[in-house]
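Have a look at the structure below before the remarks.
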Amino acid sequence: MQDTAITAKDLNLYYGDFHALKSVNMNIKYNEVTALIGPSGCGKSTYLKTLNRMNDLIAGVRIEGQIAFEGQDIYREYDPILLRKRVGMVFQNPNPFPMSVFDNIAYGPRVHGIKNKKRLSEIVEKSLRQAALWDEVKDRLHKSALGLSGGQQQRLCIARVLAVEPEVILMDEPTSALDPIATKRIEDLVEELKKDYTIVIVTHNMQQAARISDRTAFFLHGEVVEMADTKSIFHNPSDKRTEEYIAGRFG
Ligand SMILES: Nc1ncnc2c1ncn2[C@@H]1O[C@H](COP(=O)(O)OP(=O)(O)OP(=O)(O)O)[C@@H](O)[C@H]1O
C-alpha cells in the first residue's frame with residue numbers, strides 16, 4: 001500500500017522462553033504520528049525497537065514473522081546500519097554524547113562519510129532549526145551539550161536523528177523525563193515534524209497520545225488489542241479492555 005511506510009505481519013518476539021510480542025499485525029502510515037499505549041510491560045518498547053532492529057543487540061531474542069519497510073523485509077533484506085539511518089530513534093532519557101553541541105549533530109553525518117566543513121555546518125544548522133533549538137544554542141555550538149537543560153538535550157537528540165535524514169522517527173517516551181513546558185515544546189515539534197517524517201511514539205501519557213497522534217495502538221500482554229484513529233480509540237473504542245484502560249481502570 002502506497003500510504004504505508006512500515007508493515008508488521010504476524011510478528012512474534014521471544015526473550016528466551018518469554019513470549020513478549022504475540023502475532024502483531026500493524027500498518028504504520030507515512031506522515032502520521034502513531035502512538036503506542038498500554039500498561040507497563042505490555043510490549044510497547046519491545047515493538048518499537050523491532051522497527052529498527054534494536055532488539056538484535058539483546059542476547060536470546062528470537063523474532064518470527066515479518067516487518068517490511070517500504071516493502072523490503074528489514075530482517076532479511078536490510079543492512080541494520082542503513083536501516084537505523086532511515087529509521088532513527090529518540091530515547092526516554094536525553095542521551096547527548098559528551099562532546100560539543102556541534103559535534104553531537106555532526107557525528108552521524110561524519111560516520112556516513114561527510115567530511116566537508118561547510119556541508120557539516122549547513123547540516124548542523126538545518127537540523128537544529130528543524131528541532132526548534134537553533135536560536136537557543138547558536139552562540140554555544142562549541143560548548144558541551146551536557147550543559148543544556150533536559151528539554152534542550154532532548155531536542156538536541158531529535159536534531160541528531162534529523163541530521164542523517166531519516167524517513168521514520170521512533171520515540172520511546174521522549175517526554176517522561178521532562179517538565180510540562182519542555183514536554184509542550186517536544187509535542188509542538190512532533191506536530192511540526194510529521195509534515196516531513198513518519199513518527200511512532202510510545203507514551204504512558206494518555207492526554208499526550210490524544211493530543212499529538214493520528215492513530216493509536218493499544219497493547220496488552222504483548223498483543224495489539226485494537227488500533228484505530230486516535231479519536232475513535234479515545235471516544236469510541238471497540239474493545240472493552242481498551243475502554244477500561246483509557247478510563248483508568250487498570251495499568
Ligand atoms: N531484555 C529483556 N530480557 C527479558 N525480558 C525483557 C527484556 N526487555 C523487556 N522484557 C520483558 O518484555 C515485556 C515487555 O517489555 P517492554 O519494555 O516492551 O514493555 P513496555 O510496554 O514498553 O513497558 P514500560 O511501559 O514499562 O516501558 C516485559 O515483561 C519485560 O519484562
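Labeling convention for the C-alpha cells: chains A, B, ... as they appear, residues from 1 per chain, ligands from 1 in order of appearance.
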Neighbours of Gly222 of chain A within 7 Å (only C-alpha atoms; same-chain residues fewer than 4 positions away dropped), as a short mmCIF file (atom, residue, chain, number, x, y, z; two decimals) with C-alpha atoms, in the first residue's frame?
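To be explicit, this is the file written out as out-v1.cif:
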data_model
loop_
_atom_site.label_atom_id
_atom_site.label_comp_id
_atom_site.auth_asym_id
_atom_site.auth_seq_id
_atom_site.Cartn_x
_atom_site.Cartn_y
_atom_site.Cartn_z
CA ALA A 20 6.82 -10.75 24.58
CA LEU A 21 5.06 -9.93 21.27
CA LYS A 22 2.20 -12.11 20.05
CA CYS A 42 2.80 -4.89 27.66
CA GLY A 43 5.47 -4.79 24.94
#
Taking only C-alpha atoms and all ligand atoms and a cut-off of 12 Å, can you tell me which residues surround ligand 1, written as a PyMOL selection string?
chain A and resi 12-22+36-50+54-62+91-92+171-174+176+201-205+217-224+251
Glu70 of chain A: which residues within 8 Å, counting only C-alpha atoms, same-chain residues fewer than 3 positions away excluded, as a PyMOL selection string?
chain A and resi 4-6
Would you mind exporting C-alpha atoms of the selected residues as a PDB file, in the first residue's frame?
ATOM      1  CA  THR A   4       2.108   2.622   4.338  1.00  0.00           C
ATOM      2  CA  ALA A   5       5.712   3.065   5.468  1.00  0.00           C
ATOM      3  CA  ILE A   6       6.025   0.021   7.712  1.00  0.00           C
TER       4      ILE A   6
END
For segment 134-141 of chain A, please output as JSON, numbers by chain all residues within 9 Å (counting only C-alpha atoms; exclusion window: fewer than 6 positions along the same chain).
{"A": [100, 101, 102, 103, 125, 126, 127, 128, 148, 152]}
Could you tell me which of A:Tyr197, A:Asp79, A:Arg249, A:Ala35 comes closest to Arg211 of chain A if we count only C-alpha atoms?
A:Ala35
Among the residues of segment 50-220 of chain A, find those DSSP assigns to helix (DSSP H, G or I) from the backbone and print them as JSON, numbers by chain.
{"A": [50, 54, 55, 56, 57, 80, 81, 82, 83, 84, 85, 86, 101, 102, 103, 104, 105, 106, 107, 108, 109, 110, 111, 117, 118, 119, 120, 121, 122, 123, 124, 125, 126, 127, 128, 129, 130, 134, 135, 136, 137, 145, 146, 147, 150, 151, 152, 153, 154, 155, 156, 157, 158, 159, 160, 161, 162, 180, 181, 182, 183, 184, 185, 186, 187, 188, 189, 190, 191, 192, 193, 206, 207, 208, 209, 210, 211, 212]}
Closest of A:Ala228, A:Ile74, A:Leu162, A:Ile67 to Pro109 of chain A - atom-to-atom distances counting only C-alpha atoms:
A:Leu162
Give me, as CSV, each residue of segment 132-203 of chain A that comes within 10 Å of segment 28-33 of chain A, together with its shortest interatomic pair and the distance in Å at one decimal, counting only C-alpha atoms, with rows ordered by chain and rising residue number.
residue,atom,partner,partner_atom,distance
A:Glu167,CA,A:Tyr30,CA,8.7
A:Val168,CA,A:Tyr30,CA,8.4
A:Ile169,CA,A:Val33,CA,9.6
A:Leu170,CA,A:Val33,CA,9.9
A:Val190,CA,A:Val33,CA,8.0
A:Glu191,CA,A:Val33,CA,8.2
A:Leu193,CA,A:Asn31,CA,8.5
A:Lys194,CA,A:Asn31,CA,5.0
A:Lys195,CA,A:Asn31,CA,5.8
A:Asp196,CA,A:Asn31,CA,6.4
A:Tyr197,CA,A:Asn31,CA,5.3
A:Thr198,CA,A:Asn31,CA,4.4
A:Ile199,CA,A:Val33,CA,4.7
A:Val200,CA,A:Val33,CA,5.8
A:Ile201,CA,A:Val33,CA,7.2
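Minimum atom-to-atom distances from A:Tyr78, A:Thr183, A:Glu165, A:Ala145 to Pro98 of chain A were compared using only C-alpha atoms, and the lowest value belongs to A:Ala145.
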Given only C-alpha atoms as the basis, pick out the residue of A:Met99, A:Val161, A:Val87, A:Ala106 nearest to Lys143 of chain A.
A:Met99
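Taking atom CA of Leu83 of chain A as the reference point, atom CA of Gly71 of chain A is found at 13.0 Å.
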